[in-house]
file target.cif (mmCIF, C-alpha atoms)
data_protein
loop_
_atom_site.label_atom_id
_atom_site.label_comp_id
_atom_site.auth_asym_id
_atom_site.auth_seq_id
_atom_site.Cartn_x
_atom_site.Cartn_y
_atom_site.Cartn_z
CA MET A 1 24.89 -113.38 8.08
CA ALA A 2 21.93 -112.36 10.19
CA GLY A 3 22.72 -108.69 9.70
CA ASP A 4 21.88 -108.90 6.00
CA GLU A 5 18.39 -110.02 6.82
CA THR A 6 17.61 -106.67 8.45
CA GLY A 7 19.58 -104.80 5.82
CA ALA A 8 17.33 -101.99 4.71
CA ARG A 9 15.97 -102.18 1.22
CA LEU A 10 14.52 -99.46 -0.93
CA ASP A 11 11.25 -100.10 -2.76
CA GLU A 12 11.56 -103.59 -4.22
CA ASP A 13 10.78 -102.47 -7.73
CA SER A 14 13.56 -99.92 -7.82
CA PRO A 15 16.54 -100.82 -5.69
CA LEU A 16 18.91 -97.89 -5.53
CA SER A 17 22.58 -97.82 -4.75
CA ALA A 18 24.02 -95.44 -2.19
CA GLU A 19 25.05 -93.08 -5.00
CA GLU A 20 21.58 -93.16 -6.52
CA THR A 21 19.98 -92.59 -3.15
CA LEU A 22 22.18 -89.56 -2.47
CA ALA A 23 21.40 -88.25 -5.95
CA LEU A 24 17.68 -88.72 -5.23
CA ILE A 25 18.05 -86.76 -1.96
CA GLU A 26 19.86 -83.91 -3.68
CA ARG A 27 17.36 -83.76 -6.54
CA GLN A 28 14.43 -83.78 -4.14
CA GLN A 29 16.07 -81.14 -1.91
CA ARG A 30 16.59 -78.82 -4.89
CA GLU A 31 13.05 -79.37 -6.12
CA VAL A 32 11.44 -78.76 -2.72
CA THR A 33 13.63 -75.74 -1.95
CA ARG A 34 12.71 -74.26 -5.31
CA ARG A 35 8.98 -74.88 -4.93
CA LEU A 36 8.76 -73.90 -1.26
CA GLY A 37 11.11 -70.99 -1.53
CA VAL A 38 10.17 -67.50 -2.47
CA ASN A 39 11.31 -66.08 -5.81
CA VAL A 40 13.71 -63.55 -4.27
CA ALA A 41 14.51 -61.82 -7.56
CA LEU A 42 10.84 -60.80 -7.83
CA PHE A 43 11.28 -58.62 -4.74
CA TYR A 44 13.92 -56.52 -6.51
CA GLY A 45 13.20 -56.53 -10.26
CA PRO A 46 9.92 -54.55 -10.23
CA TRP A 47 11.37 -52.02 -7.75
CA GLY A 48 14.48 -51.65 -9.88
CA ALA A 49 12.32 -50.94 -12.93
CA ALA A 50 10.16 -48.49 -10.92
CA TYR A 51 13.22 -46.58 -9.68
CA LEU A 52 14.99 -46.53 -13.03
CA LEU A 53 12.00 -45.53 -15.18
CA GLY A 54 9.91 -43.71 -12.55
CA PHE A 55 12.60 -41.45 -11.11
CA GLY A 56 14.21 -41.29 -14.56
CA SER A 57 10.99 -39.90 -16.02
CA VAL A 58 10.71 -37.35 -13.19
CA PHE A 59 14.27 -36.23 -13.91
CA LEU A 60 13.30 -35.72 -17.56
CA THR A 61 10.58 -33.23 -16.60
CA TYR A 62 13.38 -30.81 -15.65
CA PRO A 63 15.51 -29.02 -18.22
CA SER A 64 18.71 -30.99 -18.67
CA ALA A 65 21.49 -31.66 -21.16
CA LEU A 66 19.34 -34.47 -22.56
CA PRO A 67 17.29 -33.70 -25.67
CA LEU A 68 14.17 -35.29 -24.18
CA ARG A 69 11.69 -33.38 -21.99
CA LEU A 70 8.66 -35.09 -20.47
CA PRO A 71 5.43 -33.39 -19.33
CA GLY A 72 4.85 -33.65 -15.56
CA GLY A 73 1.65 -35.65 -15.99
CA VAL A 74 3.40 -38.36 -18.01
CA ALA A 75 6.18 -38.74 -15.42
CA ALA A 76 3.63 -38.87 -12.60
CA ALA A 77 1.64 -41.56 -14.42
CA ILE A 78 4.74 -43.69 -15.14
CA THR A 79 5.96 -43.34 -11.56
CA GLY A 80 2.54 -44.04 -10.02
CA VAL A 81 1.83 -47.13 -12.12
CA LEU A 82 5.31 -48.65 -11.70
CA PHE A 83 5.50 -48.11 -7.94
CA ALA A 84 1.95 -49.44 -7.42
CA ALA A 85 2.83 -52.50 -9.52
CA ALA A 86 6.00 -53.07 -7.47
CA VAL A 87 4.01 -52.95 -4.23
CA VAL A 88 1.46 -55.45 -5.58
CA VAL A 89 4.13 -57.86 -6.88
CA SER A 90 6.01 -57.73 -3.55
CA VAL A 91 2.91 -58.37 -1.46
CA VAL A 92 1.65 -61.20 -3.69
CA ASN A 93 5.12 -62.77 -3.92
CA GLY A 94 5.61 -62.61 -0.16
CA THR A 95 2.19 -64.04 0.61
CA ARG A 96 2.39 -66.86 -1.92
CA ALA A 97 5.77 -68.03 -0.69
CA GLY A 98 4.51 -69.36 2.60
CA ARG A 99 1.44 -71.11 1.22
CA GLY A 100 0.60 -74.04 3.50
CA VAL A 101 3.53 -73.42 5.84
CA ARG A 102 3.25 -72.19 9.43
CA GLY A 103 5.87 -71.57 12.04
CA PRO A 104 8.79 -69.36 13.04
CA SER A 105 10.06 -68.69 9.50
CA ARG A 106 6.65 -67.45 8.38
CA MET A 107 6.36 -65.30 11.48
CA VAL A 108 9.72 -63.68 10.69
CA ALA A 109 8.68 -63.11 7.07
CA ALA A 110 5.33 -61.59 8.05
CA MET A 111 6.91 -59.27 10.62
CA TYR A 112 9.51 -58.20 8.08
CA GLY A 113 6.85 -57.53 5.45
CA TRP A 114 4.87 -55.43 7.91
CA ALA A 115 8.03 -53.53 8.86
CA TRP A 116 7.99 -52.05 5.33
CA THR A 117 4.35 -51.00 5.56
CA LEU A 118 4.66 -49.62 9.10
CA GLY A 119 7.98 -47.92 8.37
CA PHE A 120 6.61 -46.08 5.34
CA CYS A 121 3.43 -45.07 7.19
CA GLY A 122 5.60 -43.55 9.93
CA LEU A 123 7.86 -41.89 7.39
CA ALA A 124 4.91 -40.40 5.50
CA ALA A 125 3.42 -39.05 8.73
CA VAL A 126 6.70 -37.34 9.68
CA ASN A 127 7.40 -35.95 6.20
CA ILE A 128 3.85 -34.68 5.62
CA GLY A 129 3.98 -33.03 9.04
CA VAL A 130 7.29 -31.33 8.27
CA THR A 131 6.39 -30.24 4.73
CA ARG A 132 3.16 -28.61 5.97
CA LEU A 133 5.44 -25.98 7.47
CA ALA A 134 6.72 -23.41 5.00
CA VAL A 135 9.45 -25.67 3.57
CA PRO A 136 10.92 -24.74 0.17
CA ASN A 137 9.88 -27.15 -2.61
CA ASP A 138 13.40 -28.41 -3.21
CA ALA A 139 13.91 -29.06 0.51
CA ALA A 140 10.68 -31.09 0.62
CA THR A 141 11.76 -33.10 -2.44
CA LEU A 142 15.13 -33.88 -0.87
CA LEU A 143 13.51 -34.72 2.45
CA TRP A 144 11.34 -37.33 0.72
CA SER A 145 14.09 -38.85 -1.39
CA GLY A 146 16.68 -38.87 1.41
CA SER A 147 14.43 -40.26 4.15
CA SER A 148 12.80 -42.87 1.88
CA LEU A 149 16.16 -44.21 0.79
CA LEU A 150 17.39 -44.21 4.38
CA LEU A 151 14.43 -46.37 5.40
CA VAL A 152 14.81 -48.65 2.36
CA GLY A 153 18.51 -49.06 3.14
CA VAL A 154 17.94 -49.88 6.79
CA LEU A 155 15.21 -52.41 5.93
CA TYR A 156 17.56 -54.17 3.50
CA LEU A 157 20.22 -54.22 6.22
CA ALA A 158 17.66 -55.82 8.55
CA GLY A 159 16.64 -58.33 5.87
CA GLY A 160 20.25 -59.23 5.20
CA ALA A 161 20.77 -59.81 8.92
CA LEU A 162 17.58 -61.88 9.28
CA TRP A 163 18.28 -64.18 6.34
CA GLN A 164 22.06 -64.09 6.75
CA ASP A 165 22.45 -62.74 3.26
CA ARG A 166 25.50 -60.57 2.63
CA PHE A 167 24.31 -59.50 -0.81
CA GLN A 168 21.06 -58.10 0.55
CA TYR A 169 22.99 -56.40 3.36
CA GLY A 170 25.32 -54.90 0.78
CA LEU A 171 22.31 -53.56 -1.13
CA GLY A 172 21.21 -51.89 2.12
CA VAL A 173 24.56 -50.11 2.38
CA TRP A 174 24.29 -49.11 -1.29
CA MET A 175 20.81 -47.66 -0.77
CA LEU A 176 22.05 -45.60 2.21
CA VAL A 177 24.83 -44.21 0.03
CA THR A 178 22.32 -43.55 -2.77
CA GLY A 179 20.00 -41.69 -0.37
CA ALA A 180 22.80 -39.49 0.93
CA GLY A 181 24.07 -38.96 -2.62
CA SER A 182 20.63 -37.92 -3.82
CA VAL A 183 20.41 -35.20 -1.16
CA LEU A 184 23.93 -33.97 -1.96
CA ALA A 185 23.09 -33.88 -5.68
CA GLY A 186 20.18 -31.49 -5.09
CA VAL A 187 17.12 -31.09 -7.32
CA PRO A 188 16.81 -32.39 -10.05
CA GLY A 189 20.10 -34.34 -9.84
CA ASN A 190 18.62 -36.36 -6.96
CA PHE A 191 16.20 -38.02 -9.42
CA ALA A 192 19.08 -39.06 -11.66
CA VAL A 193 20.89 -40.54 -8.64
CA LEU A 194 17.76 -42.41 -7.51
CA SER A 195 17.11 -43.64 -11.04
CA LEU A 196 20.61 -44.80 -11.95
CA ALA A 197 22.23 -45.72 -8.61
CA GLY A 198 19.04 -46.86 -6.84
CA GLY A 199 17.41 -48.57 -9.82
CA GLY A 200 20.74 -49.97 -10.97
CA GLY A 201 21.49 -51.46 -7.55
CA LEU A 202 18.06 -53.07 -7.34
CA LEU A 203 18.24 -54.50 -10.88
CA LEU A 204 21.73 -55.85 -10.21
CA THR A 205 20.39 -57.55 -7.07
CA ALA A 206 17.49 -59.03 -9.04
CA GLY A 207 19.99 -60.39 -11.57
CA TYR A 208 22.15 -61.85 -8.82
CA PHE A 209 19.22 -63.68 -7.20
CA THR A 210 18.02 -64.93 -10.59
CA LEU A 211 21.37 -66.55 -11.30
CA ARG A 212 22.12 -67.83 -7.78
CA PRO A 213 20.76 -71.33 -7.17
CA PRO A 214 18.17 -71.49 -4.36
CA ARG A 215 19.72 -72.17 -0.98
CA PRO A 216 18.29 -74.52 1.61
CA ARG A 217 16.86 -72.71 4.61
CA PRO A 218 19.00 -72.17 7.70
CA MET B 1 21.14 -105.64 -12.61
CA SER B 2 24.08 -103.98 -10.97
CA ALA B 3 22.04 -102.04 -8.45
CA ILE B 4 22.69 -102.77 -4.81
CA GLY B 5 19.35 -103.65 -3.34
CA SER B 6 20.48 -104.11 0.20
CA LEU B 7 22.37 -101.45 2.09
CA PRO B 8 22.92 -102.68 5.60
CA GLY B 9 23.16 -100.25 8.47
CA LEU B 10 20.71 -97.74 7.02
CA ASP B 11 17.60 -96.64 8.90
CA PRO B 12 14.85 -98.83 7.40
CA VAL B 13 12.16 -96.26 8.22
CA ILE B 14 13.74 -93.66 5.95
CA HIS B 15 15.28 -96.10 3.48
CA ALA B 16 12.24 -96.47 1.24
CA GLN B 17 11.99 -94.21 -1.76
CA ALA B 18 8.62 -92.68 -0.91
CA ARG B 19 9.38 -92.09 2.78
CA LEU B 20 12.80 -90.73 1.86
CA ARG B 21 11.13 -88.13 -0.38
CA VAL B 22 8.70 -87.22 2.42
CA THR B 23 11.58 -86.85 4.86
CA VAL B 24 13.65 -84.72 2.48
CA ALA B 25 10.68 -82.41 1.89
CA LEU B 26 10.02 -81.98 5.60
CA ALA B 27 13.72 -81.49 6.33
CA ALA B 28 13.72 -78.64 3.78
CA LEU B 29 11.39 -76.65 6.03
CA ALA B 30 13.01 -74.25 8.47
CA THR B 31 13.40 -75.69 11.96
CA GLY B 32 10.11 -75.43 13.85
CA ASP B 33 8.00 -74.89 10.72
CA ARG B 34 5.12 -77.17 9.78
CA ILE B 35 3.29 -77.72 6.52
CA THR B 36 -0.32 -78.57 5.69
CA PHE B 37 -1.07 -82.05 4.42
CA PRO B 38 -2.45 -80.88 1.02
CA ARG B 39 0.58 -78.64 0.37
CA LEU B 40 2.97 -81.47 1.21
CA GLN B 41 0.95 -83.77 -1.05
CA GLN B 42 1.22 -81.22 -3.84
CA LEU B 43 4.98 -80.79 -3.32
CA LEU B 44 5.54 -84.53 -3.47
CA ASP B 45 2.97 -85.33 -6.13
CA MET B 46 1.64 -88.27 -4.09
CA THR B 47 -1.90 -89.49 -3.55
CA ALA B 48 -3.47 -88.65 -0.19
CA GLY B 49 -3.74 -92.35 0.72
CA ASN B 50 -0.14 -93.08 -0.17
CA LEU B 51 1.15 -90.05 1.73
CA SER B 52 -0.96 -90.92 4.82
CA THR B 53 0.42 -94.45 4.89
CA HIS B 54 4.01 -93.26 4.78
CA LEU B 55 3.41 -90.47 7.27
CA ARG B 56 1.92 -92.97 9.71
CA LYS B 57 5.07 -95.11 9.52
CA LEU B 58 7.23 -92.03 10.09
CA GLU B 59 5.00 -90.96 12.97
CA ASP B 60 5.18 -94.42 14.56
CA ALA B 61 8.97 -94.10 14.53
CA GLY B 62 8.70 -90.70 16.22
CA TYR B 63 10.21 -88.93 13.20
CA VAL B 64 7.14 -86.93 12.26
CA GLN B 65 4.59 -85.02 14.26
CA ILE B 66 1.08 -84.74 12.90
CA ALA B 67 -1.24 -82.14 14.42
CA LYS B 68 -4.89 -81.76 13.54
CA THR B 69 -6.39 -78.34 14.21
CA HIS B 70 -9.15 -76.14 12.88
CA ARG B 71 -8.82 -72.88 11.00
CA ARG B 72 -12.12 -71.07 10.62
CA ARG B 73 -14.00 -74.32 11.33
CA THR B 74 -12.14 -76.17 8.58
CA PRO B 75 -9.99 -79.04 9.80
CA VAL B 76 -6.32 -78.62 8.92
CA THR B 77 -3.60 -81.21 9.33
CA TYR B 78 -0.07 -79.95 9.89
CA VAL B 79 2.98 -82.13 9.42
CA ALA B 80 6.46 -81.46 10.77
CA LEU B 81 9.68 -83.35 11.22
CA THR B 82 10.50 -83.94 14.89
CA GLU B 83 13.98 -83.30 16.26
CA ARG B 84 14.46 -87.03 16.32
CA GLY B 85 13.38 -87.24 12.69
CA ARG B 86 15.78 -84.50 11.67
CA ARG B 87 18.61 -86.26 13.46
CA ALA B 88 17.67 -89.59 11.85
CA PHE B 89 17.77 -87.97 8.42
CA THR B 90 21.18 -86.40 9.11
CA ASP B 91 22.50 -89.77 10.31
CA TYR B 92 21.00 -91.48 7.28
CA THR B 93 22.74 -89.18 4.78
CA ALA B 94 25.97 -89.44 6.76
CA ALA B 95 25.72 -93.26 6.62
CA LEU B 96 25.11 -93.13 2.86
CA ARG B 97 28.17 -90.93 2.37
CA ALA B 98 30.24 -93.26 4.53
CA LEU B 99 29.24 -96.15 2.23
CA LEU B 100 30.66 -94.25 -0.72
CA ILE B 101 34.05 -93.66 0.86
CA PRO B 102 36.26 -96.68 0.18
CA PRO B 103 37.72 -98.07 3.40
CA THR B 104 41.27 -96.73 3.68
CA ASP B 105 42.98 -98.72 6.38
CA GLN B 106 41.89 -102.33 6.57
CA PRO B 107 43.10 -103.86 9.80
CA GLY B 108 44.29 -107.46 9.86
CA ASP B 109 45.75 -109.45 6.98
#
call {"tool": "encode", "arguments": {"input": "target.cif", "output": "structure tokens"}}
result
Amino acid sequence: MAGDETGARLDEDSPLSAEETLALIERQQREVTRRLGVNVALFYGPWGAAYLLGFGSVFLTYPSALPLRLPGGVAAAITGVLFAAAVVVSVVNGTRAGRGVRGPSRMVAAMYGWAWTLGFCGLAAVNIGVTRLAVPNDAATLLWSGSSLLLVGVLYLAGGALWQDRFQYGLGVWMLVTGAGSVLAGVPGNFAVLSLAGGGGLLLTAGYFTLRPPRPRP
Amino acid sequence: MSAIGSLPGLDPVIHAQARLRVTVALAALATGDRITFPRLQQLLDMTAGNLSTHLRKLEDAGYVQIAKTHRRRTPVTYVALTERGRRAFTDYTAALRALLIPPTDQPGD
């Protein structure tokens, strides 16, 4: 039959069956998706740790039912170092992901990354402006924790929408609830809410993305 | 040797192990994205010469677009799957799957 003559043939040295070829495609797809893709869990783990331990340590500077009491300087140091580390890990992780790739997906990722920076610059400007007025200390504290969590929540909602990820969207909703809850809890309960609910939600998300196999891009 | 060497009806451009790997890697990019030659080479663990040869064959078939530009005076080569290439890859995997499904209703005697 003449048709057999043109029948396609894989590399002569390693003829593969249809099954083997499909297996090769799937293996290669997984490998490339893993190596090209960003380590999503790394965007949440360091923030989860920073929330849990940072806000947790701030809570422990106040008198509470717990036997432990931390000096303010120690809590400030823990919080500062952990949040700075989380920023660095996020920026490095986000930048490394798109190494050697250009195009619409990288544009979306860069704009989303900048949305965090720009959003927090705007938030800081507003909050610093407001707290320069004679605002009671507790009101200033709640303003910062409530508005920060509101922005974090909205950015996770946006991220969930951009990458069609329900789990990330759900985290956004959770962070909005956490922010509102922190304001309702008052000082110093707000720090406990941020630590446990905020940090817990972020660590849970990190765990989820660690266990979930990487998905091919849309 | 039980392996089937010849699979008729499959796109011969894609149906070669090395070019198949190149195509899979490019298809894993988001639509409209392109990748630098060295990064693709690194992802595939291929030599530059080998990768160039296969890319040229894919380009000749209209499956791959290769663009040479400069970034800060350094020449950069970007590689992307064309729409035609993406479709060819989808058809190719569909054809492979069809080969695995045993024919159900055989007409005739």
call {"tool": "residues_near_point", "arguments": {"input": "target.cif", "point": "(13.8, -87.3, 12.6)", "cutoff": "10 Å", "atoms": "all atoms listed in the file", "output": "list of chain:residue names"}}
result
B:Ile14, B:Thr23, B:Leu26, B:Ala27, B:Leu58, B:Glu59, B:Ala61, B:Gly62, B:Tyr63, B:Val64, B:Gln65, B:Ala80, B:Leu81, B:Thr82, B:Glu83, B:Arg84, B:Gly85, B:Arg86, B:Arg87, B:Ala88, B:Phe89, B:Thr90, B:Asp91, B:Tyr92
call {"tool": "residues_around", "arguments": {"input": "target.cif", "residues": "segment 183-193 of chain A", "least_positions_apart": "4", "cutoff": "7 Å", "atoms": "only C-alpha atoms", "output": "list in words"}}
result
Phe55, Gly56, Val58, Phe59, Tyr62, Asp138, Leu142, Gly146, Thr178, Gly179, Ala197 and Gly198 of chain A
call {"tool": "interface_residues", "arguments": {"input": "target.cif", "of": "chain B", "to": "chain A", "cutoff": "8 Å", "atoms": "all atoms listed in the file", "output": "JSON, numbers by chain"}}
result
{"B": [3, 4, 5, 6, 7, 8, 9, 10, 11, 12, 15, 16, 17, 20, 21, 24, 25, 28, 29, 30, 31, 32, 33, 34, 35, 36, 38, 39, 43, 93, 96, 97, 99, 100]}
call {"tool": "atom_distance", "arguments": {"input": "target.cif", "atom1": "atom CA of Ala49 of chain A", "atom2": "atom CA of Gly199 of chain A"}}
result
6.4 Å
call {"tool": "residues_around", "arguments": {"input": "target.cif", "residues": "Val177 of chain A", "least_positions_apart": "4", "cutoff": "10 Å", "atoms": "only C-alpha atoms", "output": "mmCIF file with C-alpha atoms, in the coordinates of the input"}}
result
data_model
loop_
_atom_site.group_PDB
_atom_site.id
_atom_site.type_symbol
_atom_site.label_atom_id
_atom_site.label_comp_id
_atom_site.auth_asym_id
_atom_site.auth_seq_id
_atom_site.Cartn_x
_atom_site.Cartn_y
_atom_site.Cartn_z
ATOM 1 C CA GLY A 146 16.680 -38.870 1.410
ATOM 2 C CA LEU A 149 16.160 -44.210 0.790
ATOM 3 C CA LEU A 150 17.390 -44.210 4.380
ATOM 4 C CA GLY A 153 18.510 -49.060 3.140
ATOM 5 C CA LEU A 171 22.310 -53.560 -1.130
ATOM 6 C CA GLY A 172 21.210 -51.890 2.120
ATOM 7 C CA VAL A 173 24.560 -50.110 2.380
ATOM 8 C CA GLY A 181 24.070 -38.960 -2.620
ATOM 9 C CA SER A 182 20.630 -37.920 -3.820
ATOM 10 C CA ALA A 197 22.230 -45.720 -8.610
ATOM 11 C CA GLY A 198 19.040 -46.860 -6.840
#
call {"tool": "atom_distance", "arguments": {"input": "target.cif", "atom1": "atom CA of Met111 of chain A", "atom2": "atom CA of Tyr156 of chain A"}}
result
13.8 Å
call {"tool": "atom_distance", "arguments": {"input": "target.cif", "atom1": "atom CA of Ser148 of chain A", "atom2": "atom CA of Phe120 of chain A"}}
result
7.8 Å
call {"tool": "closest_residue", "arguments": {"input": "target.cif", "among": "A:Leu194, A:Val38, A:Leu143, A:Ala180", "to": "Leu53 of chain A", "atoms": "all atoms listed in the file"}}
result
A:Leu194
call {"tool": "resolve_selection", "arguments": {"input": "target.cif", "expression": "the PyMOL selection byres ((chain B and resi 76) around 10)", "output": "PyMOL selection string"}}
result
(chain A and resi 100) or (chain B and resi 35-38+67-75+77-79)
call {"tool": "decode", "arguments": {"input": "target.cif", "residues": "segment 109-128 of chain A", "atoms": "N, CA, C and O atoms", "output": "short mmCIF file (atom, residue, chain, number, x, y, z; two decimals), in the first residue's frame"}}
result
data_model
loop_
_atom_site.label_atom_id
_atom_site.label_comp_id
_atom_site.auth_asym_id
_atom_site.auth_seq_id
_atom_site.Cartn_x
_atom_site.Cartn_y
_atom_site.Cartn_z
N ALA A 109 1.23 39.19 34.40
CA ALA A 109 1.90 38.92 35.67
C ALA A 109 2.61 40.18 36.19
O ALA A 109 2.56 40.48 37.39
N ALA A 110 3.26 40.91 35.28
CA ALA A 110 3.98 42.12 35.71
C ALA A 110 3.00 43.18 36.21
O ALA A 110 3.22 43.82 37.25
N MET A 111 1.88 43.35 35.50
CA MET A 111 0.89 44.34 35.93
C MET A 111 0.29 43.96 37.28
O MET A 111 0.04 44.81 38.13
N TYR A 112 0.08 42.67 37.46
CA TYR A 112 -0.48 42.20 38.73
C TYR A 112 0.52 42.43 39.87
O TYR A 112 0.15 42.89 40.95
N GLY A 113 1.79 42.12 39.61
CA GLY A 113 2.82 42.35 40.62
C GLY A 113 2.90 43.82 41.01
O GLY A 113 2.96 44.17 42.20
N TRP A 114 2.85 44.68 40.01
CA TRP A 114 2.91 46.12 40.29
C TRP A 114 1.65 46.60 41.01
O TRP A 114 1.71 47.59 41.75
N ALA A 115 0.52 45.94 40.78
CA ALA A 115 -0.72 46.33 41.47
C ALA A 115 -0.53 46.25 42.99
O ALA A 115 -1.04 47.09 43.73
N TRP A 116 0.25 45.26 43.45
CA TRP A 116 0.52 45.14 44.89
C TRP A 116 1.33 46.34 45.38
O TRP A 116 0.99 46.98 46.38
N THR A 117 2.42 46.63 44.65
CA THR A 117 3.29 47.74 45.05
C THR A 117 2.52 49.06 45.02
O THR A 117 2.54 49.83 45.99
N LEU A 118 1.83 49.33 43.91
CA LEU A 118 1.11 50.59 43.76
C LEU A 118 -0.01 50.69 44.79
O LEU A 118 -0.22 51.74 45.41
N GLY A 119 -0.74 49.59 44.97
CA GLY A 119 -1.84 49.58 45.92
C GLY A 119 -1.37 49.93 47.32
O GLY A 119 -1.98 50.75 48.02
N PHE A 120 -0.25 49.32 47.75
CA PHE A 120 0.22 49.58 49.12
C PHE A 120 0.84 50.97 49.25
O PHE A 120 0.77 51.57 50.33
N CYS A 121 1.41 51.51 48.16
CA CYS A 121 1.89 52.90 48.22
C CYS A 121 0.70 53.84 48.43
O CYS A 121 0.74 54.75 49.27
N GLY A 122 -0.38 53.61 47.67
CA GLY A 122 -1.57 54.44 47.82
C GLY A 122 -2.17 54.31 49.20
O GLY A 122 -2.55 55.31 49.84
N LEU A 123 -2.24 53.07 49.70
CA LEU A 123 -2.80 52.83 51.02
C LEU A 123 -1.98 53.53 52.10
O LEU A 123 -2.53 54.15 53.02
N ALA A 124 -0.66 53.44 51.98
CA ALA A 124 0.21 54.08 52.98
C ALA A 124 0.01 55.60 52.96
O ALA A 124 -0.07 56.24 54.02
N ALA A 125 -0.10 56.16 51.75
CA ALA A 125 -0.29 57.61 51.64
C ALA A 125 -1.58 58.04 52.35
O ALA A 125 -1.59 59.01 53.12
N VAL A 126 -2.66 57.31 52.08
CA VAL A 126 -3.95 57.64 52.70
C VAL A 126 -3.88 57.49 54.22
O VAL A 126 -4.25 58.40 54.98
N ASN A 127 -3.36 56.34 54.68
CA ASN A 127 -3.35 56.07 56.12
C ASN A 127 -2.44 57.02 56.88
O ASN A 127 -2.78 57.47 57.98
N ILE A 128 -1.27 57.33 56.30
CA ILE A 128 -0.36 58.26 56.98
C ILE A 128 -1.03 59.63 57.07
O ILE A 128 -0.98 60.29 58.11
#
